[in-house]
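Visitor: Handing you a structure now.
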Amino acid sequence: MPAIFVKLFDTTKIIIRREMRFSRSTIIILLLALVSFIARAEDNVLPGKTNSGSYFLQGIVRDSISGEALPRSSVVVPGAARGTVSDSRGIFGIPMTPADTLIKVSCIGYASRTLPIHRDNYNMIVVYLPPSTTELDEVIVRKKKYSKKNNPALEFAKRLRNSASVGDPLAHDYYSYDKYERITLAINDFDPNADNWLLRHYPMLREYVDTSDVSGKPILNLSVKEKASTVNYRRKPRSVKTTVNGFSTTGIDKVGNTDNSQVYLEDILREVNLYDRDINLLQNRFVSPLSPIAPDFYKFYLTDTVMVETDSCAVLSFYPFNRSTFGFTGHIYVVLGDSAMTIRRVEISVPHEINLNFVQRFNLAQTYENAPDGTRLKKRDDLTLELAPLPGLPSLYVRRNTSYGSHSFEPPADLSMFDKMQREFVNDSVNSRSDIFWANARLEPMSRQESRVGAMLKRLGQSKLFYYGARVISSFIQGYIPLGDKFEYGPVNTTVSFNDIEGVRMRLGGLTTAKLSPHWFFRGFGAYGTRDHKWKYSGEVEYSFHDKKRHSREFPVHSLRLTHLYDLDYVGQHYLFTNADNVFLSLKRMTDRNVIYHRETDLKYTLELYNNFSLTATLRNDRREATAWIPFVNGYGNSMSAFTQNSINLTLRYAPGEKFFQSRTNRYPVNLDAPIFTLSHTLAPAFASEYPVSKTEFSVQKRFWLSAFGYIDAMASGAQVWSRSPYLDLIIPNANLSYTIHPESFALLNPMEFINDSQVSWFVTYCPNGLLFNLIPGLKEAKFREAFSFSGFYGRLSDRNLPSLNPSLLAYPADATVSRMDRGPYMEASVGIDNIFRCLRVDYVWRLSYRHPEYQIDRSGVRIAFHMAF
């Protein structure tokens with residue numbers, strides 16, 4: 001907030017926190033930060049001034065007698081159906097056009113005022129409202145403490161919620177419409193008259209400065225994504241199918257994975273249905289003002305009557321009781337005298353105090369119309385964000401503008417689409433549509449400057465600083481360095497690491513891309529340890545039955561893959577979303593020598609379907625080699641240097657609705673909302689292996705949202721070994737020896753501390769999103785969030801797999817401290833503070849059971865995780 005604004009209105013000091021939200025799988029925000037860093041400079045333009053006819057009016061509303069600021073005051077532009085709400089300090093901001101000459105300011109318990117507006121250099125005003133008795137729709141409202149009892153606004157909100165089914169388009173047997181979505185990313189408040197390094201070296205950028213339709217601020221567009229689609233709905237049985245007719249992306253994110261960036265942006269900028277119980281935005285759940293719990297979450301007021309186009313509308317205003325929680329402030333414009341409670345317009349923002357990261361400004365505007373039969377039709381859904389990036393950088397402008405048209409309640413020509421697995425069909429020419437196609441598909445015209453983003457980036461790309469800076473950031477985020485367009489080196493974070501067995505481990509690896517062949521793919525690595533003086537390696541060849549755009553792991557996979565590997569195998573330690581030789585895992589809480597070498601050859605068939613069901617069948621030859629720390633000695637005292645297992649594994653996985661980031665090797669969930677079911681069985685027959693194995697495993701996991709009270713991440717799994725097998729093929733709970741938090745592992749467990757042939761396990765994390773800390777001064781302002789976790793497992797080892805009773809089996813290593821589960825389950829619990837500096841979570845973990853005094857174990861400890869979330 002400019003210092004002159006604070007001085008002018010004698011407000012208290014305003015602290016603006018500047019952080020940045022980015023994903024490891026998309027480089028959009030980092031590239032924005034790169035350009036923003038270059039552009040950093042002091043603004044010479046006075047607050048509120050822009051480079052076009054539009055401007056941004058700022059002000060504060062005060063009590064005319066006491067001078068106190070009036071929060072939650074309504075500020076509207078008469079005749080424009082455009083408005084805002086003052087924050088807890090009475091401060092407001094509203095975009096204005098040259099045609100706007102008046103604003104109307106009102107507050108419960110005060111007389112409203114309509115003021116003329118004259119644009120000047122500051123565009124800042126102070127509005128004084130006198131206390132009075134206000135009459136609205138024959139209801140007398142006096143200044144007093146808010147009450148739900150006999151509150152006409154609350155009854156009005158309940159009637160509005162109960163009318164959801166009246167005019168609902170989904171009540172028809174069929175419903176279809178065209179949808180046009182445009183997502184724009186830009187540097188916000190970009191001053192074309194500033195004297196900074198960027199504009200001195202690239203004065204041509206002044207030619208591309210645009211103006212925000214929402215705030216009136218100057219912006220520099222960096223990326224524009226367009227998507228034109230047709231949505232078809234069937235009521236019984238319910239089915240929704242989307243056909244993507246055209247997709248276009250222009251700008252800074254083209255240097256990365258545009259598919260990943262699109263998946264992420266669509267997830268955080270979802271469409272809003274006001275009649276839903278919760279509204280999913282920014283990967284959080286906000287309580288809808290029309291939710292059944294809204295009367296206990298929001299304060300409702302009837303604040304005004306205004307004209308929206310040709311309809312006279314009542315204005316229902318709402319504000320959360322606790323402005324730090326995940327709720328909205330805003331207005332709903334409802335046609336007066338309409339028994340169907342028809343909504344014409346919705347305006348939503350978030351309170352200044354909300355425990356939401358990186359968001360400086362949030363504006364959502366929706367407009368509606370009616371079909372001839374009275375059905376409610378959405379015309380437009382326009383969401384704008386101003387995000388505060390890293391300290392010292394300008395803010396970022398993000399806009400998702402969605403328009404709808406060609407509404408129909410007739411069945412589609414091809415009804416068979418509803419019976420197919422895909423939720424989304426993609427036209428063959430989706431990425432190569434002509435200008436004529438886009439001219440017809442754009443239900444909302446593109447501004448001239450948005451259409452020139454490609455030309456600007458082409459000119460900017462001639463700069464070596466920008467070109468190589470973008471490549472460095474892309475390589476850091478994606479983990480691979482392109483060497484031409486047919487081969488990539490990586491993963492970069494495994495080039496050098498350290499462990500107790502190998503000492504310094506040096507690794508070189510890479511993979512081919514679809515530019516070499518869209519069907520045949522190769523990847524591999526070579527690694528050397530300075531302490532064990534051994535070479536490790538891997539080679540892989542894969543044939544894809546589908547054409548691939550970039551890499552072999554792209555969804556959906558239908559392939560046959562042959563892999564040969566020689567490397568270390570950490571017994572009882574397996575990391576799910578990273579490599580074991582990741583340099584960040586080198587620091588461990590204890591010496592780790594529970595390793596063997598293994599030489600493994602796999603032939604894997606993978607089939608993924610569009611409904612997120614997958615099947616993998618693997619034939620494996622695994623030769624395991626003993627080490628000094630894990631020798632292979634049976635109960636008779638006979639030792640062997642190695643033994644071989646030949647097995648087949650069948651795995652079924654189903655994750656309906658799952659969305660993920662696609663990396664070169666792994667997939668990272670965009671969110672954990674989708675349930676995931678996994679069932680697998682491994683069989684190593686006695687005639688083909690030195691030891692038989694028959695093992696079945698099952699797991700299920702899901703995130704459960706609790707509306708304004710946060711969410712619970714829960715996972716449960718079970719496993720059973722049916723055969724007499726060596727301990728290496730039994731169930732060894734996953735120990736995490738690093739100081740970082742890793743999913744589906746135990747932070748204080750030692751490797752091989754427990755070995756079972758029958759086991760159940762669970763992992764539960766509850767994140768209230770600041771529910772408790774929002775009530776505590778200091779913690780509330782710091783926007784800390786709580787985290788609670790509880791995990792454990794319980795199992796048994798049957799006599800048939802106990803080495804002491806079966807001398808033909810391998811004996812446990814002499815240094816291993818294997819315990820029987822004879823005192824109930826193993827359990828861990830943790831309490832953590834999340835959102836420290838907007839990126840750090842710190843947990844304190846306790847081991848609740850099997851606190852053996854005779855063994856070297858960690859009974860408690862601190863664990864950390866770095867992540868950034870809204």
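Residue numbering restarts at 1 in every chain; chains get A, B, ... in the order shown in the structure tokens, and ligands count up from 1 in that same order.
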Tell me, as number ranges by chain, which residues lie within 8 Å of Thr375 of chain A, counting only C-alpha atoms; anything in the same chain fewer than 3 positions away does not count.

Guide: A: 166-169, 370-372

Visitor: Could you find all residues in segment 593-829 of chain A that DSSP calls strand (DSSP E or B) from the backbone, and write them as JSON, numbers by chain?

Guide: {"A": [595, 596, 597, 598, 599, 600, 601, 602, 603, 604, 605, 606, 607, 608, 613, 614, 615, 616, 617, 618, 619, 620, 621, 622, 623, 624, 625, 632, 633, 634, 639, 640, 642, 643, 644, 645, 646, 647, 648, 649, 650, 651, 652, 653, 654, 660, 661, 662, 667, 668, 669, 676, 677, 678, 679, 680, 681, 682, 683, 684, 693, 694, 695, 696, 697, 698, 699, 700, 701, 702, 703, 704, 705, 711, 712, 713, 714, 715, 716, 717, 718, 719, 720, 721, 731, 735, 738, 740, 746, 754, 756, 758, 759, 760, 761, 762, 763, 764, 765, 766, 767, 785, 786, 787, 788, 789, 790, 791, 792, 793, 794, 795, 796, 810, 819, 826, 827, 828, 829]}

Visitor: Return the single residue from A:Ala111, A:Arg400, A:Thr184, A:Arg62 that is closest to Tyr128 of chain A, with distances computed using only C-alpha atoms.

Guide: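 For Tyr128 of chain A, the nearest of the given residues is A:Arg62.
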
Visitor: Find the distance between atom CA of Ser106 of chain A and atom CA of Tyr301 of chain A and write it in Å to one decimal.

Guide: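 Interatomic distance, atom CA of Ser106 of chain A to atom CA of Tyr301 of chain A: 11.4 Å.
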
Visitor: As a ChimeraX atom specification, list the residues of segment 159-382 of chain A assigned to helix (DSSP H, G or I) by DSSP on the backbone atoms of this structure.

Guide: /A:159-162,169-171,197-201,203-208,252-255,258-268,294-296

Visitor: From the set A:Val126, A:Leu650, A:Leu316, A:Val398, which residue has the shortest atom-to-atom contact distance to Lys299 of chain A, counting only C-alpha atoms?

Guide: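 That would be A:Leu316, the residue with the smallest distance to Lys299 of chain A.
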
Visitor: List as a PyMOL selection string the protein and nucleic acid residues near Ile354 of chain A, meaning an atom at most 12 Å away when only C-alpha atoms are counted, but skip any in the same chain fewer than 5 places from it.

Guide: chain A and resi 87-88+286+319-329+349+359-362+708+769-771+774+780-784+870

Visitor: Since we have the selection now, will you write its residues out, keeping N, CA, C and O atoms, as a CSV table (one decimal), in the first residue's frame?

Guide:
```csv
chain,number,residue,atom,x,y,z
A,87,ASP,N,-12.7,-3.5,3.6
A,87,ASP,CA,-12.1,-4.5,4.5
A,87,ASP,C,-12.3,-4.1,5.9
A,87,ASP,O,-13.0,-3.2,6.3
A,88,SER,N,-11.6,-4.8,6.8
A,88,SER,CA,-11.8,-4.6,8.2
A,88,SER,C,-11.3,-3.2,8.7
A,88,SER,O,-11.6,-2.8,9.8
A,286,PHE,N,-13.7,-23.3,0.3
A,286,PHE,CA,-14.4,-22.2,0.9
A,286,PHE,C,-15.9,-22.5,1.2
A,286,PHE,O,-16.5,-23.2,0.4
A,319,TYR,N,-20.7,-11.7,5.0
A,319,TYR,CA,-19.3,-11.6,5.5
A,319,TYR,C,-19.1,-12.7,6.5
A,319,TYR,O,-20.0,-13.0,7.3
A,320,PRO,N,-18.0,-13.4,6.6
A,320,PRO,CA,-17.8,-14.4,7.6
A,320,PRO,C,-17.7,-13.9,9.0
A,320,PRO,O,-17.1,-12.8,9.2
A,321,PHE,N,-18.1,-14.6,10.0
A,321,PHE,CA,-18.0,-14.2,11.4
A,321,PHE,C,-16.5,-14.1,11.8
A,321,PHE,O,-16.1,-13.1,12.4
A,322,ASN,N,-15.7,-15.0,11.4
A,322,ASN,CA,-14.3,-15.0,11.6
A,322,ASN,C,-13.6,-14.7,10.3
A,322,ASN,O,-13.6,-15.6,9.4
A,323,ARG,N,-13.1,-13.6,10.1
A,323,ARG,CA,-12.6,-13.2,8.7
A,323,ARG,C,-11.2,-13.8,8.4
A,323,ARG,O,-10.7,-13.7,7.3
A,324,SER,N,-10.7,-14.6,9.3
A,324,SER,CA,-9.4,-15.4,9.0
A,324,SER,C,-9.7,-16.7,8.4
A,324,SER,O,-8.8,-17.4,7.9
A,325,THR,N,-11.0,-17.2,8.5
A,325,THR,CA,-11.3,-18.5,8.0
A,325,THR,C,-11.6,-18.5,6.5
A,325,THR,O,-11.7,-17.4,5.9
A,326,PHE,N,-11.8,-19.7,5.9
A,326,PHE,CA,-12.0,-19.8,4.5
A,326,PHE,C,-13.4,-19.5,4.1
A,326,PHE,O,-14.2,-20.3,3.9
A,327,GLY,N,-13.7,-18.2,4.0
A,327,GLY,CA,-15.0,-17.7,3.6
A,327,GLY,C,-14.8,-16.5,2.7
A,327,GLY,O,-13.8,-16.0,2.5
A,328,PHE,N,-16.0,-16.0,2.1
A,328,PHE,CA,-16.0,-14.9,1.2
A,328,PHE,C,-16.7,-13.7,1.8
A,328,PHE,O,-17.4,-13.8,2.8
A,329,THR,N,-16.4,-12.6,1.2
A,329,THR,CA,-17.3,-11.4,1.3
A,329,THR,C,-17.9,-11.1,0.0
A,329,THR,O,-17.2,-11.4,-1.1
A,349,SER,N,-15.3,-11.6,-3.1
A,349,SER,CA,-13.9,-11.4,-2.8
A,349,SER,C,-13.6,-12.1,-1.5
A,349,SER,O,-14.4,-12.8,-0.9
A,359,VAL,N,-2.2,-14.2,-1.9
A,359,VAL,CA,-3.3,-13.5,-2.6
A,359,VAL,C,-3.5,-12.1,-2.0
A,359,VAL,O,-3.9,-11.9,-0.9
A,360,GLN,N,-3.2,-11.1,-2.9
A,360,GLN,CA,-3.4,-9.7,-2.5
A,360,GLN,C,-4.8,-9.3,-2.8
A,360,GLN,O,-5.4,-8.5,-2.1
A,361,ARG,N,-5.3,-9.7,-4.0
A,361,ARG,CA,-6.7,-9.4,-4.4
A,361,ARG,C,-7.3,-10.6,-5.0
A,361,ARG,O,-6.7,-11.3,-5.8
A,362,PHE,N,-8.6,-10.7,-4.7
A,362,PHE,CA,-9.4,-11.9,-5.3
A,362,PHE,C,-10.7,-11.3,-5.7
A,362,PHE,O,-11.4,-10.7,-4.8
A,708,ALA,N,-15.0,-25.8,6.1
A,708,ALA,CA,-14.2,-24.7,6.7
A,708,ALA,C,-13.2,-25.3,7.8
A,708,ALA,O,-12.4,-24.5,8.3
A,769,ASN,N,-6.2,-26.1,8.6
A,769,ASN,CA,-6.0,-24.8,7.9
A,769,ASN,C,-6.1,-23.6,8.8
A,769,ASN,O,-6.8,-22.6,8.4
A,770,GLY,N,-5.5,-23.7,9.9
A,770,GLY,CA,-5.5,-22.5,10.8
A,770,GLY,C,-6.7,-22.3,11.7
A,770,GLY,O,-6.9,-21.3,12.3
A,771,LEU,N,-7.5,-23.4,11.8
A,771,LEU,CA,-8.7,-23.3,12.6
A,771,LEU,C,-8.5,-22.8,14.0
A,771,LEU,O,-9.2,-22.0,14.6
A,774,ASN,N,-6.1,-19.3,14.1
A,774,ASN,CA,-6.8,-18.1,13.7
A,774,ASN,C,-7.5,-17.4,14.9
A,774,ASN,O,-7.9,-16.3,14.8
A,780,LYS,N,-2.4,-15.7,14.5
A,780,LYS,CA,-3.3,-15.4,13.5
A,780,LYS,C,-2.7,-14.5,12.5
A,780,LYS,O,-2.9,-14.7,11.3
A,781,GLU,N,-2.0,-13.5,12.9
A,781,GLU,CA,-1.4,-12.5,11.9
A,781,GLU,C,-0.3,-13.2,11.2
A,781,GLU,O,0.0,-12.9,10.0
A,782,ALA,N,0.4,-14.2,11.8
A,782,ALA,CA,1.5,-14.9,11.1
A,782,ALA,C,1.0,-15.9,10.1
A,782,ALA,O,1.7,-16.4,9.3
A,783,LYS,N,-0.3,-16.2,10.2
A,783,LYS,CA,-1.0,-17.1,9.3
A,783,LYS,C,-0.4,-18.5,9.4
A,783,LYS,O,-0.3,-19.3,8.4
A,784,PHE,N,0.0,-18.9,10.6
A,784,PHE,CA,0.4,-20.3,10.8
A,784,PHE,C,-0.7,-21.2,10.7
A,784,PHE,O,-1.9,-20.8,10.9
A,870,PHE,N,-1.5,-22.4,-1.4
A,870,PHE,CA,-2.3,-21.3,-1.1
A,870,PHE,C,-2.9,-21.4,0.3
A,870,PHE,O,-3.1,-20.4,1.0
```

Visitor: For a test of reading the model, state the distance in Å between atom CA of Ser229 of chain A and atom CA of Val244 of chain A, rounded to one decimal.

Guide: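 One can read the atom CA of Ser229 of chain A to atom CA of Val244 of chain A distance as 4.3 Å.
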
Visitor: Distance atom CA of Pro152 of chain A-atom CA of Val85 of chain A, one decimal place?

Guide: 20.4 Å

Visitor: I'd like the neighbourhood of segment 610-613 of chain A as a ChimeraX atom specification, where a residue qualifies if any of its atoms comes within 8 Å (using only C-alpha atoms), though same-chain residues fewer than 2 positions away should be ignored.

Guide: /A:421-423,556,608,615,652-658

Visitor: Those residues with N, CA, C and O atoms, as a CSV table (one decimal), in the first residue's frame please?

Guide:
```
chain,number,residue,atom,x,y,z
A,421,MET,N,-15.3,-44.3,-21.8
A,421,MET,CA,-14.6,-44.1,-20.6
A,421,MET,C,-14.1,-42.7,-20.4
A,421,MET,O,-14.0,-42.2,-19.2
A,422,GLN,N,-13.7,-42.0,-21.4
A,422,GLN,CA,-13.1,-40.7,-21.3
A,422,GLN,C,-14.1,-39.7,-20.7
A,422,GLN,O,-15.3,-39.7,-21.1
A,423,ARG,N,-13.6,-38.9,-19.9
A,423,ARG,CA,-14.4,-37.7,-19.4
A,423,ARG,C,-14.2,-36.6,-20.4
A,423,ARG,O,-15.0,-35.7,-20.5
A,556,PRO,N,-2.3,-41.7,-21.6
A,556,PRO,CA,-2.3,-43.0,-21.0
A,556,PRO,C,-1.2,-43.9,-21.5
A,556,PRO,O,-0.8,-43.8,-22.7
A,608,GLU,N,-3.1,-48.5,-19.4
A,608,GLU,CA,-3.9,-47.5,-18.7
A,608,GLU,C,-5.1,-47.1,-19.5
A,608,GLU,O,-5.0,-46.8,-20.7
A,615,LEU,N,-3.6,-51.5,-15.4
A,615,LEU,CA,-3.1,-52.9,-15.1
A,615,LEU,C,-1.6,-53.0,-15.5
A,615,LEU,O,-1.3,-52.5,-16.6
A,652,LEU,N,-3.3,-54.0,-10.1
A,652,LEU,CA,-4.5,-53.3,-10.5
A,652,LEU,C,-4.6,-52.0,-9.7
A,652,LEU,O,-4.5,-52.0,-8.5
A,653,ARG,N,-4.9,-50.9,-10.4
A,653,ARG,CA,-5.0,-49.6,-9.8
A,653,ARG,C,-6.2,-48.9,-10.4
A,653,ARG,O,-6.3,-48.8,-11.6
A,654,TYR,N,-6.9,-48.2,-9.5
A,654,TYR,CA,-8.1,-47.5,-9.9
A,654,TYR,C,-8.1,-46.2,-9.1
A,654,TYR,O,-8.2,-46.2,-7.9
A,655,ALA,N,-8.1,-45.0,-9.9
A,655,ALA,CA,-8.2,-43.7,-9.2
A,655,ALA,C,-9.1,-42.8,-10.0
A,655,ALA,O,-8.7,-41.9,-10.8
A,656,PRO,N,-10.4,-43.0,-9.8
A,656,PRO,CA,-11.4,-42.2,-10.6
A,656,PRO,C,-11.3,-40.7,-10.3
A,656,PRO,O,-11.3,-40.2,-9.2
A,657,GLY,N,-11.1,-39.9,-11.4
A,657,GLY,CA,-11.0,-38.5,-11.3
A,657,GLY,C,-9.6,-38.0,-10.9
A,657,GLY,O,-9.5,-36.8,-10.6
A,658,GLU,N,-8.6,-38.8,-10.9
A,658,GLU,CA,-7.3,-38.4,-10.5
A,658,GLU,C,-6.7,-37.4,-11.5
A,658,GLU,O,-6.8,-37.6,-12.7
```

Visitor: Using only C-alpha atoms, which residue out of A:Gly792, A:Gly510, A:Pro78, A:Gly246 lies closest to Phe437 of chain A?

Guide: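 Nearest candidate to Phe437 of chain A out of A:Gly792, A:Gly510, A:Pro78, A:Gly246: A:Gly246.
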